[in-house]
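Structure data follow from target.pdb (PDB, C-alpha atoms):
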MODEL        1
ATOM      1  CA  MET Z   1      -9.061 -15.512  24.234  1.00  0.00           C
ATOM      2  CA  PHE Z   2      -8.779 -15.847  20.454  1.00  0.00           C
ATOM      3  CA  ASP Z   3      -9.260 -12.117  19.785  1.00  0.00           C
ATOM      4  CA  VAL Z   4      -5.485 -11.823  19.542  1.00  0.00           C
ATOM      5  CA  LEU Z   5      -5.495 -14.139  16.514  1.00  0.00           C
ATOM      6  CA  ASP Z   6      -8.360 -12.202  14.907  1.00  0.00           C
ATOM      7  CA  MET Z   7      -6.487  -8.981  15.596  1.00  0.00           C
ATOM      8  CA  GLY Z   8      -3.332 -10.398  14.013  1.00  0.00           C
ATOM      9  CA  ALA Z   9      -5.245 -11.674  11.004  1.00  0.00           C
ATOM     10  CA  SER Z  10      -6.730  -8.219  10.430  1.00  0.00           C
ATOM     11  CA  GLY Z  11      -3.223  -6.758  10.559  1.00  0.00           C
ATOM     12  CA  LEU Z  12      -1.994  -9.263   7.983  1.00  0.00           C
ATOM     13  CA  VAL Z  13      -4.865  -8.440   5.629  1.00  0.00           C
ATOM     14  CA  ALA Z  14      -4.293  -4.690   6.040  1.00  0.00           C
ATOM     15  CA  GLN Z  15      -0.533  -4.902   5.438  1.00  0.00           C
ATOM     16  CA  ARG Z  16      -1.113  -7.146   2.425  1.00  0.00           C
ATOM     17  CA  ALA Z  17      -3.426  -4.508   0.933  1.00  0.00           C
ATOM     18  CA  ARG Z  18      -0.730  -1.909   1.602  1.00  0.00           C
ATOM     19  CA  MET Z  19       1.943  -4.034  -0.123  1.00  0.00           C
ATOM     20  CA  ASP Z  20      -0.347  -4.621  -3.117  1.00  0.00           C
ATOM     21  CA  THR Z  21      -0.968  -0.880  -3.411  1.00  0.00           C
ATOM     22  CA  ILE Z  22       2.746  -0.095  -3.228  1.00  0.00           C
ATOM     23  CA  ALA Z  23       3.456  -2.734  -5.888  1.00  0.00           C
ATOM     24  CA  GLY Z  24       0.860  -1.077  -8.119  1.00  0.00           C
ATOM     25  CA  ASN Z  25       2.539   2.288  -7.604  1.00  0.00           C
ATOM     26  CA  VAL Z  26       5.918   0.891  -8.622  1.00  0.00           C
ATOM     27  CA  LEU Z  27       4.404  -0.948 -11.582  1.00  0.00           C
ATOM     28  CA  ASN Z  28       2.958   2.310 -12.927  1.00  0.00           C
ATOM     29  CA  ILE Z  29       5.984   4.530 -12.284  1.00  0.00           C
ATOM     30  CA  ASN Z  30       6.244   5.433 -15.997  1.00  0.00           C
ATOM     31  CA  THR Z  31       2.552   5.297 -16.961  1.00  0.00           C
ATOM     32  CA  THR Z  32       1.725   8.565 -18.702  1.00  0.00           C
ATOM     33  CA  ARG Z  33      -1.835   7.726 -19.780  1.00  0.00           C
ATOM     34  CA  ASN Z  34      -4.979   6.703 -17.898  1.00  0.00           C
ATOM     35  CA  GLU Z  35      -7.225   3.692 -18.626  1.00  0.00           C
ATOM     36  CA  GLN Z  36      -9.091   5.599 -21.345  1.00  0.00           C
ATOM     37  CA  GLY Z  37      -5.848   6.457 -23.179  1.00  0.00           C
ATOM     38  CA  GLU Z  38      -5.925  10.134 -22.206  1.00  0.00           C
ATOM     39  CA  LYS Z  39      -2.650  11.933 -21.429  1.00  0.00           C
ATOM     40  CA  ILE Z  40      -3.297  11.851 -17.679  1.00  0.00           C
ATOM     41  CA  PRO Z  41      -0.491  10.157 -15.706  1.00  0.00           C
ATOM     42  CA  PHE Z  42      -1.044   7.517 -13.076  1.00  0.00           C
ATOM     43  CA  ARG Z  43      -1.582   9.045  -9.633  1.00  0.00           C
ATOM     44  CA  ARG Z  44       0.086   7.403  -6.637  1.00  0.00           C
ATOM     45  CA  ARG Z  45      -2.202   5.525  -4.250  1.00  0.00           C
ATOM     46  CA  LEU Z  46      -2.014   5.640  -0.444  1.00  0.00           C
ATOM     47  CA  VAL Z  47      -3.620   3.185   1.969  1.00  0.00           C
ATOM     48  CA  VAL Z  48      -5.426   4.637   4.989  1.00  0.00           C
ATOM     49  CA  PHE Z  49      -5.904   2.315   7.971  1.00  0.00           C
ATOM     50  CA  GLN Z  50      -8.597   2.523  10.626  1.00  0.00           C
ATOM     51  CA  ALA Z  51      -8.707   0.863  14.022  1.00  0.00           C
ATOM     52  CA  GLY Z  52     -11.163  -1.958  14.574  1.00  0.00           C
ATOM     53  CA  ALA Z  53     -12.202  -5.043  12.663  1.00  0.00           C
ATOM     54  CA  ALA Z  54     -13.636  -4.351   9.207  1.00  0.00           C
ATOM     55  CA  LYS Z  55     -17.118  -5.727   9.860  1.00  0.00           C
ATOM     56  CA  ASP Z  56     -17.271  -5.141  13.618  1.00  0.00           C
ATOM     57  CA  SER Z  57     -15.339  -1.963  14.440  1.00  0.00           C
ATOM     58  CA  PRO Z  58     -15.588  -2.283  18.270  1.00  0.00           C
ATOM     59  CA  LYS Z  59     -13.497  -5.472  18.035  1.00  0.00           C
ATOM     60  CA  PRO Z  60      -9.717  -5.071  18.191  1.00  0.00           C
ATOM     61  CA  GLY Z  61      -7.744  -4.987  14.985  1.00  0.00           C
ATOM     62  CA  VAL Z  62      -7.175  -2.805  11.956  1.00  0.00           C
ATOM     63  CA  HIS Z  63      -8.667  -2.543   8.497  1.00  0.00           C
ATOM     64  CA  VAL Z  64      -8.237  -0.534   5.323  1.00  0.00           C
ATOM     65  CA  LYS Z  65     -10.505   2.490   5.562  1.00  0.00           C
ATOM     66  CA  GLU Z  66      -9.799   3.687   2.032  1.00  0.00           C
ATOM     67  CA  ILE Z  67      -7.216   3.942  -0.700  1.00  0.00           C
ATOM     68  CA  LYS Z  68      -6.634   7.610  -1.490  1.00  0.00           C
ATOM     69  CA  LEU Z  69      -4.985   9.294  -4.438  1.00  0.00           C
ATOM     70  CA  ASP Z  70      -1.851  11.297  -3.633  1.00  0.00           C
ATOM     71  CA  GLN Z  71      -2.508  14.866  -4.767  1.00  0.00           C
ATOM     72  CA  THR Z  72       1.134  15.970  -5.013  1.00  0.00           C
ATOM     73  CA  PRO Z  73       2.005  17.401  -8.437  1.00  0.00           C
ATOM     74  CA  PHE Z  74       3.115  15.170 -11.278  1.00  0.00           C
ATOM     75  CA  LYS Z  75       6.782  15.056 -12.237  1.00  0.00           C
ATOM     76  CA  GLU Z  76       7.632  16.928 -15.416  1.00  0.00           C
ATOM     77  CA  ARG Z  77      10.457  16.191 -17.836  1.00  0.00           C
ATOM     78  CA  TYR Z  78      11.527  17.917 -21.007  1.00  0.00           C
ATOM     79  CA  GLU Z  79      11.273  15.210 -23.696  1.00  0.00           C
ATOM     80  CA  PRO Z  80      10.101  16.815 -26.963  1.00  0.00           C
ATOM     81  CA  GLY Z  81      10.317  13.524 -28.903  1.00  0.00           C
ATOM     82  CA  HIS Z  82       8.029  11.618 -26.527  1.00  0.00           C
ATOM     83  CA  PRO Z  83       4.564  10.815 -27.957  1.00  0.00           C
ATOM     84  CA  ASP Z  84       2.897  12.218 -24.817  1.00  0.00           C
ATOM     85  CA  ALA Z  85       4.882  15.466 -24.779  1.00  0.00           C
ATOM     86  CA  ASP Z  86       3.033  18.758 -24.866  1.00  0.00           C
ATOM     87  CA  PRO Z  87       3.403  19.978 -28.485  1.00  0.00           C
ATOM     88  CA  LYS Z  88       4.231  23.554 -27.419  1.00  0.00           C
ATOM     89  CA  THR Z  89       6.583  22.995 -24.473  1.00  0.00           C
ATOM     90  CA  GLY Z  90       7.914  19.462 -25.018  1.00  0.00           C
ATOM     91  CA  ILE Z  91       7.101  18.625 -21.389  1.00  0.00           C
ATOM     92  CA  VAL Z  92       5.911  15.134 -20.451  1.00  0.00           C
ATOM     93  CA  LYS Z  93       4.018  14.635 -17.207  1.00  0.00           C
ATOM     94  CA  TYR Z  94       4.988  11.507 -15.277  1.00  0.00           C
ATOM     95  CA  PRO Z  95       3.350   9.911 -12.223  1.00  0.00           C
ATOM     96  CA  ASN Z  96       4.025  11.360  -8.775  1.00  0.00           C
ATOM     97  CA  VAL Z  97       5.640   8.075  -7.700  1.00  0.00           C
ATOM     98  CA  ASP Z  98       9.093   8.131  -6.092  1.00  0.00           C
ATOM     99  CA  LEU Z  99      10.834   4.749  -6.204  1.00  0.00           C
ATOM    100  CA  MET Z 100      12.812   5.282  -2.989  1.00  0.00           C
ATOM    101  CA  THR Z 101       9.681   6.273  -1.067  1.00  0.00           C
ATOM    102  CA  GLU Z 102       7.862   3.201  -2.343  1.00  0.00           C
ATOM    103  CA  PHE Z 103      10.838   0.978  -1.514  1.00  0.00           C
ATOM    104  CA  THR Z 104      10.951   2.342   2.044  1.00  0.00           C
ATOM    105  CA  ASN Z 105       7.191   1.932   2.455  1.00  0.00           C
ATOM    106  CA  MET Z 106       7.384  -1.647   1.155  1.00  0.00           C
ATOM    107  CA  MET Z 107      10.124  -2.494   3.655  1.00  0.00           C
ATOM    108  CA  GLU Z 108       8.067  -0.991   6.478  1.00  0.00           C
ATOM    109  CA  ALA Z 109       4.938  -2.932   5.439  1.00  0.00           C
ATOM    110  CA  SER Z 110       6.973  -6.132   5.111  1.00  0.00           C
ATOM    111  CA  ARG Z 111       8.451  -5.707   8.596  1.00  0.00           C
ATOM    112  CA  ALA Z 112       5.009  -5.011  10.061  1.00  0.00           C
ATOM    113  CA  TYR Z 113       3.699  -8.154   8.352  1.00  0.00           C
ATOM    114  CA  GLU Z 114       6.593 -10.218   9.757  1.00  0.00           C
ATOM    115  CA  ALA Z 115       6.089  -8.781  13.255  1.00  0.00           C
ATOM    116  CA  THR Z 116       2.402  -9.671  13.138  1.00  0.00           C
ATOM    117  CA  VAL Z 117       3.178 -13.238  12.051  1.00  0.00           C
ATOM    118  CA  THR Z 118       5.661 -13.543  14.933  1.00  0.00           C
ATOM    119  CA  MET Z 119       3.060 -12.197  17.394  1.00  0.00           C
ATOM    120  CA  MET Z 120       0.517 -14.742  16.160  1.00  0.00           C
ATOM    121  CA  GLU Z 121       3.008 -17.624  16.424  1.00  0.00           C
ATOM    122  CA  THR Z 122       3.919 -16.581  19.974  1.00  0.00           C
ATOM    123  CA  SER Z 123       0.240 -16.367  20.909  1.00  0.00           C
ATOM    124  CA  LYS Z 124      -0.417 -19.833  19.506  1.00  0.00           C
ATOM    125  CA  ALA Z 125       2.529 -21.210  21.509  1.00  0.00           C
ATOM    126  CA  MET Z 126       1.151 -19.569  24.661  1.00  0.00           C
ATOM    127  CA  PHE Z 127      -2.289 -21.083  24.011  1.00  0.00           C
ATOM    128  CA  ASN Z 128      -0.712 -24.528  23.561  1.00  0.00           C
ATOM    129  CA  SER Z 129       1.252 -24.173  26.789  1.00  0.00           C
ATOM    130  CA  THR Z 130      -1.865 -23.091  28.640  1.00  0.00           C
ATOM    131  CA  MET Z 131      -3.838 -26.052  27.296  1.00  0.00           C
ATOM    132  CA  ARG Z 132      -1.074 -28.466  28.391  1.00  0.00           C
ATOM    133  CA  LEU Z 133      -1.130 -26.970  31.901  1.00  0.00           C
ATOM    134  CA  ILE Z 134      -4.921 -27.235  32.121  1.00  0.00           C
ATOM    135  CA  ALA Z 135      -5.121 -30.819  30.820  1.00  0.00           C
TER     136      ALA Z 135
ENDMDL
END

For this file, write the structure as structure tokens.
Amino acid sequence: MFDVLDMGASGLVAQRARMDTIAGNVLNINTTRNEQGEKIPFRRRLVVFQAGAAKDSPKPGVHVKEIKLDQTPFKERYEPGHPDADPKTGIVKYPNVDLMTEFTNMMEASRAYEATVTMMETSKAMFNSTMRLIA
């Protein structure tokens, strides 16, 4: 009977991970160096979901299977004065993050989160009504 709440909770956790990943993408939209200080731009992250509860996959729900790196090419801009520009060509490589794509994905994740919360509230109300009828 309470599987629906577990299922909803797994959806909330998964969408939260997706929103955190998108926020990280937006945060690093102009990051032209990696953690070691090398001239390797930030690479966009993508969340991959998988059906089933994280610890017990036959149960209903969803969980984050993995967070993958987007392999699309980096953006290139001609900026010869930039400290990370190629000395010969003046090209700077920027992350493969598109702000409009991230904005759209964030809206979609937010709506999915809201829909899951609504589903859980409706389920709780149905449980309460059922308990009142039984008692």

Selected by the PyMOL selection byres ((chain Z and resi 46) around 10) in the shown coordinates: which residues, as a PDB file with C-alpha atoms, in the coordinates of the input?
ATOM      1  CA  ARG Z  18      -0.730  -1.909   1.602  1.00  0.00           C
ATOM      2  CA  THR Z  21      -0.968  -0.880  -3.411  1.00  0.00           C
ATOM      3  CA  ILE Z  22       2.746  -0.095  -3.228  1.00  0.00           C
ATOM      4  CA  ASN Z  25       2.539   2.288  -7.604  1.00  0.00           C
ATOM      5  CA  ARG Z  43      -1.582   9.045  -9.633  1.00  0.00           C
ATOM      6  CA  ARG Z  44       0.086   7.403  -6.637  1.00  0.00           C
ATOM      7  CA  ARG Z  45      -2.202   5.525  -4.250  1.00  0.00           C
ATOM      8  CA  VAL Z  47      -3.620   3.185   1.969  1.00  0.00           C
ATOM      9  CA  VAL Z  48      -5.426   4.637   4.989  1.00  0.00           C
ATOM     10  CA  PHE Z  49      -5.904   2.315   7.971  1.00  0.00           C
ATOM     11  CA  GLU Z  66      -9.799   3.687   2.032  1.00  0.00           C
ATOM     12  CA  ILE Z  67      -7.216   3.942  -0.700  1.00  0.00           C
ATOM     13  CA  LYS Z  68      -6.634   7.610  -1.490  1.00  0.00           C
ATOM     14  CA  LEU Z  69      -4.985   9.294  -4.438  1.00  0.00           C
ATOM     15  CA  ASP Z  70      -1.851  11.297  -3.633  1.00  0.00           C
TER      16      ASP Z  70
END

Exercise for the section: List, as a list in words, every residue that the PyMOL selection byres ((chain Z and resi 62) around 6) selects in the file provided. Expected result: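 Answer for the PyMOL selection byres ((chain Z and resi 62) around 6): Ser10, Gly11, Gln50, Ala51, Gly52, Ala53, Gly61 and His63 of chain Z.
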
Fill in the blank from the handout: Using all atoms listed in the file, the residue out of Z:Lys39, Z:Arg16, Z:Lys124, Z:Arg77 with shortest distance to Gly90 (chain Z) is Z:Arg77

Handout entry: Nearest to Ala23 (chain Z), chosen from Z:Glu121, Z:Glu102, Z:Glu114, Z:Glu108, with only C-alpha atoms counted in the distances
Key =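 Ranked by minimum distance to Ala23 (chain Z), first place goes to Z:Glu102.
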
Practice task
May I ask which of the residues Z:Met131, Z:Ala54, Z:Met107, Z:Leu99 is the closest one to Asn30 (chain Z), counting only C-alpha atoms?
Solution key: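 Nearest candidate to Asn30 (chain Z) out of Z:Met131, Z:Ala54, Z:Met107, Z:Leu99: Z:Leu99.
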
Go through the shown structure with the PyMOL selection byres ((chain Z and resi 116) around 10) and write out the matching residues as a PDB file with C-alpha atoms, in the frame of the given file.
ATOM      1  CA  LEU Z   5      -5.495 -14.139  16.514  1.00  0.00           C
ATOM      2  CA  MET Z   7      -6.487  -8.981  15.596  1.00  0.00           C
ATOM      3  CA  GLY Z   8      -3.332 -10.398  14.013  1.00  0.00           C
ATOM      4  CA  ALA Z   9      -5.245 -11.674  11.004  1.00  0.00           C
ATOM      5  CA  SER Z  10      -6.730  -8.219  10.430  1.00  0.00           C
ATOM      6  CA  GLY Z  11      -3.223  -6.758  10.559  1.00  0.00           C
ATOM      7  CA  LEU Z  12      -1.994  -9.263   7.983  1.00  0.00           C
ATOM      8  CA  GLN Z  15      -0.533  -4.902   5.438  1.00  0.00           C
ATOM      9  CA  SER Z 110       6.973  -6.132   5.111  1.00  0.00           C
ATOM     10  CA  ARG Z 111       8.451  -5.707   8.596  1.00  0.00           C
ATOM     11  CA  ALA Z 112       5.009  -5.011  10.061  1.00  0.00           C
ATOM     12  CA  TYR Z 113       3.699  -8.154   8.352  1.00  0.00           C
ATOM     13  CA  GLU Z 114       6.593 -10.218   9.757  1.00  0.00           C
ATOM     14  CA  ALA Z 115       6.089  -8.781  13.255  1.00  0.00           C
ATOM     15  CA  VAL Z 117       3.178 -13.238  12.051  1.00  0.00           C
ATOM     16  CA  THR Z 118       5.661 -13.543  14.933  1.00  0.00           C
ATOM     17  CA  MET Z 119       3.060 -12.197  17.394  1.00  0.00           C
ATOM     18  CA  MET Z 120       0.517 -14.742  16.160  1.00  0.00           C
ATOM     19  CA  GLU Z 121       3.008 -17.624  16.424  1.00  0.00           C
ATOM     20  CA  THR Z 122       3.919 -16.581  19.974  1.00  0.00           C
TER      21      THR Z 122
END

Practice task
Can you work out the spacing between CA of Pro95 (chain Z) and CA of Asp20 (chain Z) in Å, to one decimal?
Solution key: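 About the pair CA of Pro95 (chain Z) and CA of Asp20 (chain Z): they are 17.5 Å apart.
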
Problem - Which of Z:Ile134, Z:Pro58, Z:Gly24, Z:Ile40 sits closest to Asp84 (chain Z) [using only C-alpha atoms] - result: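 That would be Z:Ile40, the residue with the smallest distance to Asp84 (chain Z).
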
Exercise for the section: Using all atoms listed in the file, find the one residue out of Z:Ala85, Z:Met19, Z:Met126, Z:Leu27 that sits nearest to Asn105 (chain Z). Expected result: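 Smallest separation from Asn105 (chain Z) among the options: Z:Met19.
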
Handout entry: Straight-line distance linking CA of Lys75 (chain Z) with CA of Lys93 (chain Z), stated in Å to one decimal
Key =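 Between these atoms lies a distance of 5.7 Å.
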
Fill in the blank from the handout: Judged by all atoms listed in the file, the minimum distance to Thr32 (chain Z) among Z:Asn96, Z:Met106, Z:Thr101, Z:Phe127 is found for Z:Asn96

Handout entry: Two-atom distance - CA of Lys88 (chain Z), CA of Ile29 (chain Z) (Å)
Key =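 These atoms are spaced 24.4 Å apart.
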
Completion step: region 76-96 of chain Z with N, CA, C and O atoms as an mmCIF file, in the coordinates of the input:
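out05.cif, written as the output of this step:
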data_model
loop_
_atom_site.group_PDB
_atom_site.id
_atom_site.type_symbol
_atom_site.label_atom_id
_atom_site.label_comp_id
_atom_site.auth_asym_id
_atom_site.auth_seq_id
_atom_site.Cartn_x
_atom_site.Cartn_y
_atom_site.Cartn_z
ATOM 1 N N GLU Z 76 7.581 16.447 -14.035
ATOM 2 C CA GLU Z 76 7.632 16.928 -15.416
ATOM 3 C C GLU Z 76 9.051 16.805 -15.943
ATOM 4 O O GLU Z 76 10.006 17.141 -15.243
ATOM 5 N N ARG Z 77 9.154 16.318 -17.183
ATOM 6 C CA ARG Z 77 10.457 16.191 -17.836
ATOM 7 C C ARG Z 77 10.371 16.756 -19.252
ATOM 8 O O ARG Z 77 9.373 16.564 -19.939
ATOM 9 N N TYR Z 78 11.453 17.390 -19.647
ATOM 10 C CA TYR Z 78 11.527 17.917 -21.007
ATOM 11 C C TYR Z 78 11.960 16.787 -21.945
ATOM 12 O O TYR Z 78 13.105 16.346 -21.929
ATOM 13 N N GLU Z 79 11.017 16.289 -22.737
ATOM 14 C CA GLU Z 79 11.273 15.210 -23.696
ATOM 15 C C GLU Z 79 10.453 15.491 -24.956
ATOM 16 O O GLU Z 79 9.412 14.865 -25.185
ATOM 17 N N PRO Z 80 10.915 16.408 -25.808
ATOM 18 C CA PRO Z 80 10.101 16.815 -26.963
ATOM 19 C C PRO Z 80 9.784 15.680 -27.944
ATOM 20 O O PRO Z 80 8.790 15.738 -28.650
ATOM 21 N N GLY Z 81 10.577 14.621 -27.980
ATOM 22 C CA GLY Z 81 10.317 13.524 -28.903
ATOM 23 C C GLY Z 81 9.346 12.484 -28.386
ATOM 24 O O GLY Z 81 8.943 11.576 -29.118
ATOM 25 N N HIS Z 82 8.947 12.598 -27.144
ATOM 26 C CA HIS Z 82 8.029 11.618 -26.527
ATOM 27 C C HIS Z 82 6.620 11.782 -27.111
ATOM 28 O O HIS Z 82 6.169 12.905 -27.319
ATOM 29 N N PRO Z 83 5.919 10.681 -27.380
ATOM 30 C CA PRO Z 83 4.564 10.815 -27.957
ATOM 31 C C PRO Z 83 3.561 11.523 -27.041
ATOM 32 O O PRO Z 83 2.570 12.062 -27.535
ATOM 33 N N ASP Z 84 3.814 11.554 -25.744
ATOM 34 C CA ASP Z 84 2.897 12.218 -24.817
ATOM 35 C C ASP Z 84 3.365 13.616 -24.417
ATOM 36 O O ASP Z 84 2.809 14.218 -23.501
ATOM 37 N N ALA Z 85 4.371 14.129 -25.099
ATOM 38 C CA ALA Z 85 4.882 15.466 -24.779
ATOM 39 C C ALA Z 85 3.901 16.532 -25.239
ATOM 40 O O ALA Z 85 3.221 16.380 -26.262
ATOM 41 N N ASP Z 86 3.840 17.605 -24.477
ATOM 42 C CA ASP Z 86 3.033 18.758 -24.866
ATOM 43 C C ASP Z 86 3.639 19.321 -26.154
ATOM 44 O O ASP Z 86 4.845 19.584 -26.207
ATOM 45 N N PRO Z 87 2.840 19.530 -27.203
ATOM 46 C CA PRO Z 87 3.403 19.978 -28.485
ATOM 47 C C PRO Z 87 4.083 21.348 -28.419
ATOM 48 O O PRO Z 87 5.023 21.609 -29.169
ATOM 49 N N LYS Z 88 3.650 22.207 -27.506
ATOM 50 C CA LYS Z 88 4.231 23.554 -27.419
ATOM 51 C C LYS Z 88 5.489 23.581 -26.564
ATOM 52 O O LYS Z 88 6.459 24.241 -26.906
ATOM 53 N N THR Z 89 5.470 22.890 -25.423
ATOM 54 C CA THR Z 89 6.583 22.995 -24.473
ATOM 55 C C THR Z 89 7.531 21.804 -24.507
ATOM 56 O O THR Z 89 8.662 21.911 -24.039
ATOM 57 N N GLY Z 90 7.083 20.663 -25.014
ATOM 58 C CA GLY Z 90 7.914 19.462 -25.018
ATOM 59 C C GLY Z 90 7.980 18.778 -23.659
ATOM 60 O O GLY Z 90 8.795 17.885 -23.444
ATOM 61 N N ILE Z 91 7.111 19.183 -22.749
ATOM 62 C CA ILE Z 91 7.101 18.625 -21.389
ATOM 63 C C ILE Z 91 6.196 17.388 -21.345
ATOM 64 O O ILE Z 91 5.081 17.408 -21.856
ATOM 65 N N VAL Z 92 6.697 16.343 -20.691
ATOM 66 C CA VAL Z 92 5.911 15.134 -20.451
ATOM 67 C C VAL Z 92 5.630 15.053 -18.959
ATOM 68 O O VAL Z 92 6.539 15.221 -18.144
ATOM 69 N N LYS Z 93 4.380 14.807 -18.617
ATOM 70 C CA LYS Z 93 4.018 14.635 -17.207
ATOM 71 C C LYS Z 93 4.099 13.157 -16.863
ATOM 72 O O LYS Z 93 3.533 12.318 -17.564
ATOM 73 N N TYR Z 94 4.821 12.869 -15.765
ATOM 74 C CA TYR Z 94 4.988 11.507 -15.277
ATOM 75 C C TYR Z 94 4.307 11.365 -13.915
ATOM 76 O O TYR Z 94 4.071 12.351 -13.216
ATOM 77 N N PRO Z 95 4.008 10.126 -13.519
ATOM 78 C CA PRO Z 95 3.350 9.911 -12.223
ATOM 79 C C PRO Z 95 4.136 10.497 -11.055
ATOM 80 O O PRO Z 95 5.369 10.642 -11.117
ATOM 81 N N ASN Z 96 3.415 10.803 -9.985
ATOM 82 C CA ASN Z 96 4.025 11.360 -8.775
ATOM 83 C C ASN Z 96 4.513 10.239 -7.853
ATOM 84 O O ASN Z 96 4.348 10.292 -6.648
#
